[in-house]
Amino acid sequence: MSKLHDLFAKVLHEVDMTLDETEDMSHPLVVLFRTSLQEEKEALERLLPILKGDKPELPEFKKDCSIVYLNDEIVESTFRAWLRAVDWMDHEDSEEAAKLENRFPGIKDTLKKAAAEIEKTYGDESSKYVVPALYRPQTGGVR
């Protein structure tokens, strides 16, 4: 299996855990980030079989890969908004939100490693249309 497969499998595991842990929460911001997480999960489930090969062609997986990265951006910002809201309101979910707080930086770190691998394997020119600047290794988030 490829390094990319292993990295995206790790992200899928974290996404699944987050979906399981937030299943019973009904806060509107949780519903929003869960929707994006579910879409991210579906893209990862389509992506992983393709990445099992030695070096799949980028066009085979670039759409699902882009979905993963773009949804991660949505999830993280929506999660942060929820975290601020439950802290500010001293909401019953604040303890659960605090438990999840460290998960999202870990997912982002794994996605940055995957971005570096995509760039290394497929080149800067090809990968820049798949991986947003925030995750790309040479840019540090600025391009």
# chains A, B, ... in the order shown; residues from 1 in each chain; ligands from 1
call {"tool": "closest_atom_pairs", "arguments": {"of": "region 68-107 of chain A", "to": "region 12-15 of chain A", "cutoff": "12 Å", "atoms": "only C-alpha atoms", "output": "tab-separated table"}}
result
residue	atom	partner	partner_atom	distance
A:Val68	CA	A:Leu12	CA	9.8
A:Asn71	CA	A:Val15	CA	11.2
A:Asp72	CA	A:Val15	CA	9.8
A:Val75	CA	A:Val15	CA	10.3
A:Glu76	CA	A:Val15	CA	11.7
A:Leu100	CA	A:Glu14	CA	10.4
A:Asn102	CA	A:Glu14	CA	11.1
A:Arg103	CA	A:Glu14	CA	7.3
A:Phe104	CA	A:Glu14	CA	8.6
A:Pro105	CA	A:Glu14	CA	11.0
A:Gly106	CA	A:Glu14	CA	8.7
A:Ile107	CA	A:Glu14	CA	7.0
call {"tool": "write_last_selection", "arguments": {"atoms": "N, CA, C and O atoms", "output": "PDB file, in the first residue's frame"}}
result
ATOM      1  N   VAL A  68     -11.974  16.175   0.084  1.00  0.00           N
ATOM      2  CA  VAL A  68     -11.452  15.944   1.432  1.00  0.00           C
ATOM      3  C   VAL A  68     -10.844  17.229   1.992  1.00  0.00           C
ATOM      4  O   VAL A  68     -11.156  17.649   3.109  1.00  0.00           O
ATOM      5  N   ASN A  71     -13.544  20.119   2.460  1.00  0.00           N
ATOM      6  CA  ASN A  71     -14.427  19.855   3.592  1.00  0.00           C
ATOM      7  C   ASN A  71     -13.693  19.973   4.914  1.00  0.00           C
ATOM      8  O   ASN A  71     -14.278  20.381   5.916  1.00  0.00           O
ATOM      9  N   ASP A  72     -12.425  19.613   4.936  1.00  0.00           N
ATOM     10  CA  ASP A  72     -11.667  19.771   6.173  1.00  0.00           C
ATOM     11  C   ASP A  72     -11.607  21.238   6.586  1.00  0.00           C
ATOM     12  O   ASP A  72     -11.737  21.554   7.770  1.00  0.00           O
ATOM     13  N   VAL A  75     -15.032  22.031   8.032  1.00  0.00           N
ATOM     14  CA  VAL A  75     -15.226  21.367   9.325  1.00  0.00           C
ATOM     15  C   VAL A  75     -14.460  22.096  10.422  1.00  0.00           C
ATOM     16  O   VAL A  75     -15.009  22.375  11.494  1.00  0.00           O
ATOM     17  N   GLU A  76     -13.215  22.403  10.144  1.00  0.00           N
ATOM     18  CA  GLU A  76     -12.410  23.019  11.201  1.00  0.00           C
ATOM     19  C   GLU A  76     -12.947  24.390  11.602  1.00  0.00           C
ATOM     20  O   GLU A  76     -13.065  24.693  12.790  1.00  0.00           O
ATOM     21  N   LEU A 100     -12.859  17.058  21.781  1.00  0.00           N
ATOM     22  CA  LEU A 100     -12.636  16.974  20.329  1.00  0.00           C
ATOM     23  C   LEU A 100     -11.617  17.993  19.824  1.00  0.00           C
ATOM     24  O   LEU A 100     -11.117  17.863  18.717  1.00  0.00           O
ATOM     25  N   ASN A 102      -8.536  18.688  20.172  1.00  0.00           N
ATOM     26  CA  ASN A 102      -7.216  18.277  19.691  1.00  0.00           C
ATOM     27  C   ASN A 102      -7.262  17.398  18.443  1.00  0.00           C
ATOM     28  O   ASN A 102      -6.243  17.170  17.813  1.00  0.00           O
ATOM     29  N   ARG A 103      -8.420  16.891  18.110  1.00  0.00           N
ATOM     30  CA  ARG A 103      -8.528  16.002  16.957  1.00  0.00           C
ATOM     31  C   ARG A 103      -8.309  16.748  15.637  1.00  0.00           C
ATOM     32  O   ARG A 103      -7.652  16.253  14.734  1.00  0.00           O
ATOM     33  N   PHE A 104      -8.849  17.927  15.511  1.00  0.00           N
ATOM     34  CA  PHE A 104      -8.806  18.623  14.227  1.00  0.00           C
ATOM     35  C   PHE A 104      -7.402  19.080  13.820  1.00  0.00           C
ATOM     36  O   PHE A 104      -7.048  18.951  12.651  1.00  0.00           O
ATOM     37  N   PRO A 105      -6.575  19.566  14.744  1.00  0.00           N
ATOM     38  CA  PRO A 105      -5.190  19.847  14.343  1.00  0.00           C
ATOM     39  C   PRO A 105      -4.450  18.584  13.890  1.00  0.00           C
ATOM     40  O   PRO A 105      -3.616  18.636  12.984  1.00  0.00           O
ATOM     41  N   GLY A 106      -4.774  17.446  14.493  1.00  0.00           N
ATOM     42  CA  GLY A 106      -4.150  16.185  14.084  1.00  0.00           C
ATOM     43  C   GLY A 106      -4.550  15.793  12.669  1.00  0.00           C
ATOM     44  O   GLY A 106      -3.721  15.331  11.876  1.00  0.00           O
ATOM     45  N   ILE A 107      -5.825  15.978  12.353  1.00  0.00           N
ATOM     46  CA  ILE A 107      -6.295  15.690  10.988  1.00  0.00           C
ATOM     47  C   ILE A 107      -5.598  16.618  10.007  1.00  0.00           C
ATOM     48  O   ILE A 107      -5.124  16.179   8.955  1.00  0.00           O
TER      49      ILE A 107
END
call {"tool": "residues_around", "arguments": {"residues": "Ala81 (chain A)", "least_positions_apart": "5", "cutoff": "12 Å", "atoms": "only C-alpha atoms", "output": "NGL selection string"}}
result
:A and (27-30 or 32-33 or 74-76 or 86-88 or 97 or 101)
call {"tool": "write_last_selection", "arguments": {"atoms": "all heavy atoms", "output": "CSV table (one decimal), in the first residue's frame"}}
result
chain,number,residue,atom,x,y,z
A,27,HIS,N,-26.7,20.6,18.3
A,27,HIS,CA,-26.4,22.0,18.1
A,27,HIS,C,-26.3,22.3,16.6
A,27,HIS,O,-25.7,21.5,15.8
A,27,HIS,CB,-25.1,22.3,18.8
A,27,HIS,CG,-24.9,23.8,18.9
A,27,HIS,ND1,-24.4,24.5,17.8
A,27,HIS,CD2,-25.0,24.7,19.9
A,27,HIS,CE1,-24.3,25.8,18.2
A,27,HIS,NE2,-24.6,25.9,19.4
A,28,PRO,N,-26.9,23.4,16.1
A,28,PRO,CA,-26.9,23.6,14.7
A,28,PRO,C,-25.5,23.6,14.0
A,28,PRO,O,-25.3,23.2,12.9
A,28,PRO,CB,-27.5,25.0,14.5
A,28,PRO,CG,-28.3,25.2,15.8
A,28,PRO,CD,-27.6,24.4,16.8
A,29,LEU,N,-24.5,24.1,14.8
A,29,LEU,CA,-23.1,24.1,14.2
A,29,LEU,C,-22.5,22.7,14.1
A,29,LEU,O,-21.8,22.4,13.2
A,29,LEU,CB,-22.2,25.0,15.0
A,29,LEU,CG,-22.5,26.5,14.9
A,29,LEU,CD1,-21.7,27.3,15.9
A,29,LEU,CD2,-22.2,27.0,13.5
A,30,VAL,N,-23.0,21.8,15.1
A,30,VAL,CA,-22.5,20.4,15.0
A,30,VAL,C,-23.2,19.8,13.8
A,30,VAL,O,-22.5,19.0,13.1
A,30,VAL,CB,-22.9,19.7,16.3
A,30,VAL,CG1,-22.6,18.2,16.1
A,30,VAL,CG2,-22.2,20.2,17.5
A,32,LEU,N,-23.9,21.2,11.0
A,32,LEU,CA,-23.2,21.7,9.9
A,32,LEU,C,-21.9,21.0,9.7
A,32,LEU,O,-21.6,20.5,8.6
A,32,LEU,CB,-22.9,23.2,10.0
A,32,LEU,CG,-24.1,24.1,9.6
A,32,LEU,CD1,-23.7,25.5,10.0
A,32,LEU,CD2,-24.5,24.0,8.2
A,33,PHE,N,-21.1,20.9,10.8
A,33,PHE,CA,-19.8,20.2,10.6
A,33,PHE,C,-19.9,18.7,10.4
A,33,PHE,O,-19.1,18.1,9.7
A,33,PHE,CB,-18.7,20.7,11.6
A,33,PHE,CG,-18.7,20.0,12.9
A,33,PHE,CD1,-18.3,18.7,13.1
A,33,PHE,CD2,-18.9,20.8,14.0
A,33,PHE,CE1,-18.3,18.2,14.4
A,33,PHE,CE2,-18.9,20.3,15.3
A,33,PHE,CZ,-18.5,18.9,15.5
A,74,ILE,N,-13.9,23.5,5.9
A,74,ILE,CA,-15.2,23.8,6.4
A,74,ILE,C,-15.4,23.3,7.8
A,74,ILE,O,-15.9,24.0,8.7
A,74,ILE,CB,-16.3,23.3,5.5
A,74,ILE,CG1,-16.2,24.0,4.1
A,74,ILE,CG2,-17.7,23.4,6.1
A,74,ILE,CD1,-17.0,23.4,3.0
A,75,VAL,N,-15.0,22.0,8.0
A,75,VAL,CA,-15.2,21.4,9.3
A,75,VAL,C,-14.5,22.1,10.4
A,75,VAL,O,-15.0,22.4,11.5
A,75,VAL,CB,-14.8,19.9,9.3
A,75,VAL,CG1,-14.7,19.3,10.6
A,75,VAL,CG2,-15.7,19.1,8.4
A,76,GLU,N,-13.2,22.4,10.1
A,76,GLU,CA,-12.4,23.0,11.2
A,76,GLU,C,-12.9,24.4,11.6
A,76,GLU,O,-13.1,24.7,12.8
A,76,GLU,CB,-10.9,23.1,10.8
A,76,GLU,CG,-10.1,23.6,12.0
A,76,GLU,CD,-8.6,23.5,11.7
A,76,GLU,OE1,-8.2,23.1,10.6
A,76,GLU,OE2,-7.9,23.8,12.7
A,86,VAL,N,-20.2,27.2,22.6
A,86,VAL,CA,-20.6,26.4,23.8
A,86,VAL,C,-19.8,26.8,25.0
A,86,VAL,O,-20.3,26.8,26.1
A,86,VAL,CB,-20.4,24.8,23.6
A,86,VAL,CG1,-21.4,24.3,22.5
A,86,VAL,CG2,-19.0,24.4,23.2
A,87,ASP,N,-18.6,27.3,24.7
A,87,ASP,CA,-17.8,27.9,25.9
A,87,ASP,C,-18.4,29.2,26.4
A,87,ASP,O,-18.6,29.4,27.6
A,87,ASP,CB,-16.3,28.2,25.4
A,87,ASP,CG,-15.5,27.0,25.4
A,87,ASP,OD1,-15.9,25.9,26.0
A,87,ASP,OD2,-14.3,27.0,24.9
A,88,TRP,N,-18.8,30.0,25.5
A,88,TRP,CA,-19.4,31.3,25.8
A,88,TRP,C,-20.8,31.1,26.6
A,88,TRP,O,-21.0,31.8,27.5
A,88,TRP,CB,-19.6,32.1,24.6
A,88,TRP,CG,-20.2,33.5,24.8
A,88,TRP,CD1,-19.6,34.6,25.4
A,88,TRP,CD2,-21.5,33.9,24.5
A,88,TRP,NE1,-20.4,35.6,25.5
A,88,TRP,CE2,-21.7,35.2,25.0
A,88,TRP,CE3,-22.6,33.3,24.0
A,88,TRP,CZ2,-22.8,36.0,24.8
A,88,TRP,CZ3,-23.8,34.0,23.8
A,88,TRP,CH2,-23.9,35.3,24.3
A,97,ALA,N,-16.9,19.2,23.5
A,97,ALA,CA,-16.2,20.0,22.5
A,97,ALA,C,-14.7,20.1,22.9
A,97,ALA,O,-13.9,20.0,22.0
A,97,ALA,CB,-16.8,21.4,22.4
A,101,GLU,N,-11.3,19.0,20.6
A,101,GLU,CA,-10.5,20.1,20.2
A,101,GLU,C,-9.2,19.7,19.6
A,101,GLU,O,-8.7,20.3,18.6
A,101,GLU,CB,-10.3,21.1,21.3
A,101,GLU,CG,-9.6,22.4,20.9
A,101,GLU,CD,-9.6,23.4,22.0
A,101,GLU,OE1,-9.9,23.1,23.2
A,101,GLU,OE2,-9.3,24.6,21.7
call {"tool": "closest_residue", "arguments": {"among": "A:Phe79, A:Tyr69, A:Tyr129, A:Phe61", "to": "Lys112 (chain A)", "atoms": "only C-alpha atoms"}}
result
A:Tyr69
call {"tool": "closest_residue", "arguments": {"among": "A:Thr78, A:Gln38, A:Ser127, A:Thr110", "to": "Leu19 (chain A)", "atoms": "only C-alpha atoms"}}
result
A:Gln38
call {"tool": "closest_residue", "arguments": {"among": "A:Asp16, A:Glu57, A:Glu42, A:Asp24", "to": "Ile118 (chain A)", "atoms": "only C-alpha atoms"}}
result
A:Glu57
call {"tool": "residues_around", "arguments": {"residues": "Asp54 (chain A)", "least_positions_apart": "6", "cutoff": "12 Å", "atoms": "only C-alpha atoms", "output": "PyMOL selection string"}}
result
chain A and resi 1-5+121
call {"tool": "closest_residue", "arguments": {"among": "A:Leu7, A:Tyr122, A:Glu40, A:Lys99", "to": "Pro56 (chain A)", "atoms": "only C-alpha atoms"}}
result
A:Tyr122
call {"tool": "atom_distance", "arguments": {"atom1": "CA of Thr35 (chain A)", "atom2": "CA of Gly53 (chain A)"}}
result
29.4 Å
call {"tool": "select_by_dssp", "arguments": {"residues": "region 5-134 of chain A", "states": "helix (DSSP H, G or I)", "output": "ChimeraX atom specification"}}
result
/A:5-21,28-51,58-89,94-100,103-122,124-127,133-134
call {"tool": "residues_around", "arguments": {"residues": "Leu48 (chain A)", "least_positions_apart": "2", "cutoff": "9 Å", "atoms": "only C-alpha atoms", "output": "JSON, numbers by chain"}}
result
{"A": [4, 5, 6, 8, 9, 43, 44, 45, 46, 50, 51, 52]}
call {"tool": "atom_distance", "arguments": {"atom1": "CA of Leu83 (chain A)", "atom2": "CA of Asp109 (chain A)"}}
result
19.8 Å
call {"tool": "decode", "arguments": {"residues": "region 110-125 of chain A", "atoms": "all heavy atoms", "output": "mmCIF file, in the first residue's frame"}}
result
data_model
loop_
_atom_site.group_PDB
_atom_site.id
_atom_site.type_symbol
_atom_site.label_atom_id
_atom_site.label_comp_id
_atom_site.auth_asym_id
_atom_site.auth_seq_id
_atom_site.Cartn_x
_atom_site.Cartn_y
_atom_site.Cartn_z
ATOM 1 N N THR A 110 -2.056 15.511 9.379
ATOM 2 C CA THR A 110 -2.016 14.338 8.500
ATOM 3 C C THR A 110 -2.286 14.753 7.055
ATOM 4 O O THR A 110 -1.624 14.271 6.128
ATOM 5 C CB THR A 110 -3.036 13.278 8.961
ATOM 6 O OG1 THR A 110 -2.748 12.929 10.315
ATOM 7 C CG2 THR A 110 -2.974 12.037 8.080
ATOM 8 N N LEU A 111 -3.234 15.663 6.858
ATOM 9 C CA LEU A 111 -3.530 16.134 5.501
ATOM 10 C C LEU A 111 -2.357 16.930 4.914
ATOM 11 O O LEU A 111 -2.122 16.885 3.709
ATOM 12 C CB LEU A 111 -4.820 16.955 5.481
ATOM 13 C CG LEU A 111 -6.103 16.144 5.642
ATOM 14 C CD1 LEU A 111 -7.307 17.058 5.781
ATOM 15 C CD2 LEU A 111 -6.286 15.181 4.469
ATOM 16 N N LYS A 112 -1.618 17.634 5.762
ATOM 17 C CA LYS A 112 -0.418 18.337 5.279
ATOM 18 C C LYS A 112 0.649 17.334 4.838
ATOM 19 O O LYS A 112 1.331 17.543 3.841
ATOM 20 C CB LYS A 112 0.139 19.266 6.360
ATOM 21 C CG LYS A 112 -0.667 20.528 6.531
ATOM 22 C CD LYS A 112 -0.057 21.425 7.592
ATOM 23 C CE LYS A 112 -0.835 22.717 7.713
ATOM 24 N NZ LYS A 112 -0.220 23.648 8.663
ATOM 25 N N LYS A 113 0.785 16.241 5.579
ATOM 26 C CA LYS A 113 1.737 15.195 5.185
ATOM 27 C C LYS A 113 1.307 14.571 3.855
ATOM 28 O O LYS A 113 2.144 14.291 2.991
ATOM 29 C CB LYS A 113 1.838 14.126 6.270
ATOM 30 C CG LYS A 113 2.544 14.607 7.517
ATOM 31 C CD LYS A 113 2.504 13.549 8.613
ATOM 32 C CE LYS A 113 3.111 14.104 9.898
ATOM 33 N NZ LYS A 113 2.924 13.195 11.031
ATOM 34 N N ALA A 114 0.020 14.352 3.701
ATOM 35 C CA ALA A 114 -0.490 13.800 2.443
ATOM 36 C C ALA A 114 -0.257 14.785 1.297
ATOM 37 O O ALA A 114 0.111 14.382 0.186
ATOM 38 C CB ALA A 114 -1.974 13.465 2.568
ATOM 39 N N ALA A 115 -0.429 16.074 1.576
ATOM 40 C CA ALA A 115 -0.189 17.099 0.548
ATOM 41 C C ALA A 115 1.268 17.077 0.098
ATOM 42 O O ALA A 115 1.565 17.184 -1.097
ATOM 43 C CB ALA A 115 -0.558 18.482 1.084
ATOM 44 N N ALA A 116 2.184 16.935 1.046
ATOM 45 C CA ALA A 116 3.608 16.864 0.715
ATOM 46 C C ALA A 116 3.893 15.639 -0.140
ATOM 47 O O ALA A 116 4.672 15.705 -1.108
ATOM 48 C CB ALA A 116 4.450 16.838 1.990
ATOM 49 N N GLU A 117 3.251 14.533 0.175
ATOM 50 C CA GLU A 117 3.431 13.300 -0.598
ATOM 51 C C GLU A 117 2.850 13.450 -2.011
ATOM 52 O O GLU A 117 3.450 12.998 -2.986
ATOM 53 C CB GLU A 117 2.770 12.134 0.141
ATOM 54 C CG GLU A 117 3.067 10.792 -0.432
ATOM 55 C CD GLU A 117 4.531 10.369 -0.336
ATOM 56 O OE1 GLU A 117 5.267 10.880 0.535
ATOM 57 O OE2 GLU A 117 4.945 9.540 -1.156
ATOM 58 N N ILE A 118 1.699 14.095 -2.108
ATOM 59 C CA ILE A 118 1.092 14.339 -3.429
ATOM 60 C C ILE A 118 2.011 15.219 -4.258
ATOM 61 O O ILE A 118 2.268 14.946 -5.436
ATOM 62 C CB ILE A 118 -0.309 14.974 -3.286
ATOM 63 C CG1 ILE A 118 -1.286 13.951 -2.699
ATOM 64 C CG2 ILE A 118 -0.814 15.508 -4.626
ATOM 65 C CD1 ILE A 118 -2.616 14.528 -2.262
ATOM 66 N N GLU A 119 2.542 16.274 -3.645
ATOM 67 C CA GLU A 119 3.431 17.181 -4.367
ATOM 68 C C GLU A 119 4.713 16.464 -4.796
ATOM 69 O O GLU A 119 5.185 16.642 -5.916
ATOM 70 C CB GLU A 119 3.760 18.390 -3.503
ATOM 71 C CG GLU A 119 4.495 19.473 -4.264
ATOM 72 C CD GLU A 119 4.628 20.742 -3.457
ATOM 73 O OE1 GLU A 119 3.581 21.375 -3.195
ATOM 74 O OE2 GLU A 119 5.765 21.082 -3.104
ATOM 75 N N LYS A 120 5.255 15.650 -3.915
ATOM 76 C CA LYS A 120 6.478 14.902 -4.217
ATOM 77 C C LYS A 120 6.246 13.917 -5.369
ATOM 78 O O LYS A 120 7.082 13.771 -6.255
ATOM 79 C CB LYS A 120 6.932 14.157 -2.959
ATOM 80 C CG LYS A 120 8.214 13.371 -3.108
ATOM 81 C CD LYS A 120 8.587 12.764 -1.760
ATOM 82 C CE LYS A 120 8.718 11.276 -1.918
ATOM 83 N NZ LYS A 120 8.997 10.585 -0.676
ATOM 84 N N THR A 121 5.105 13.265 -5.355
ATOM 85 C CA THR A 121 4.808 12.232 -6.340
ATOM 86 C C THR A 121 4.353 12.805 -7.678
ATOM 87 O O THR A 121 4.766 12.328 -8.734
ATOM 88 C CB THR A 121 3.719 11.275 -5.796
ATOM 89 O OG1 THR A 121 4.153 10.768 -4.537
ATOM 90 C CG2 THR A 121 3.471 10.135 -6.753
ATOM 91 N N TYR A 122 3.516 13.834 -7.649
ATOM 92 C CA TYR A 122 2.884 14.323 -8.873
ATOM 93 C C TYR A 122 3.382 15.688 -9.327
ATOM 94 O O TYR A 122 3.010 16.153 -10.396
ATOM 95 C CB TYR A 122 1.364 14.347 -8.698
ATOM 96 C CG TYR A 122 0.813 12.979 -8.420
ATOM 97 C CD1 TYR A 122 0.546 12.562 -7.117
ATOM 98 C CD2 TYR A 122 0.598 12.069 -9.449
ATOM 99 C CE1 TYR A 122 0.062 11.293 -6.856
ATOM 100 C CE2 TYR A 122 0.115 10.795 -9.202
ATOM 101 C CZ TYR A 122 -0.138 10.415 -7.899
ATOM 102 O OH TYR A 122 -0.611 9.158 -7.641
ATOM 103 N N GLY A 123 4.199 16.331 -8.518
ATOM 104 C CA GLY A 123 4.766 17.621 -8.885
ATOM 105 C C GLY A 123 3.935 18.796 -8.410
ATOM 106 O O GLY A 123 2.729 18.684 -8.178
ATOM 107 N N ASP A 124 4.601 19.921 -8.273
ATOM 108 C CA ASP A 124 3.981 21.144 -7.777
ATOM 109 C C ASP A 124 2.877 21.631 -8.699
ATOM 110 O O ASP A 124 1.796 21.998 -8.256
ATOM 111 C CB ASP A 124 5.052 22.232 -7.603
ATOM 112 C CG ASP A 124 4.472 23.532 -7.095
ATOM 113 O OD1 ASP A 124 3.856 23.507 -6.015
ATOM 114 O OD2 ASP A 124 4.622 24.563 -7.782
ATOM 115 N N GLU A 125 3.146 21.644 -9.990
ATOM 116 C CA GLU A 125 2.172 22.160 -10.952
ATOM 117 C C GLU A 125 0.868 21.383 -10.914
ATOM 118 O O GLU A 125 -0.203 21.975 -10.920
ATOM 119 C CB GLU A 125 2.735 22.101 -12.376
ATOM 120 C CG GLU A 125 3.224 23.374 -13.011
ATOM 121 C CD GLU A 125 2.530 24.651 -12.605
ATOM 122 O OE1 GLU A 125 1.409 24.926 -13.083
ATOM 123 O OE2 GLU A 125 3.114 25.417 -11.837
#
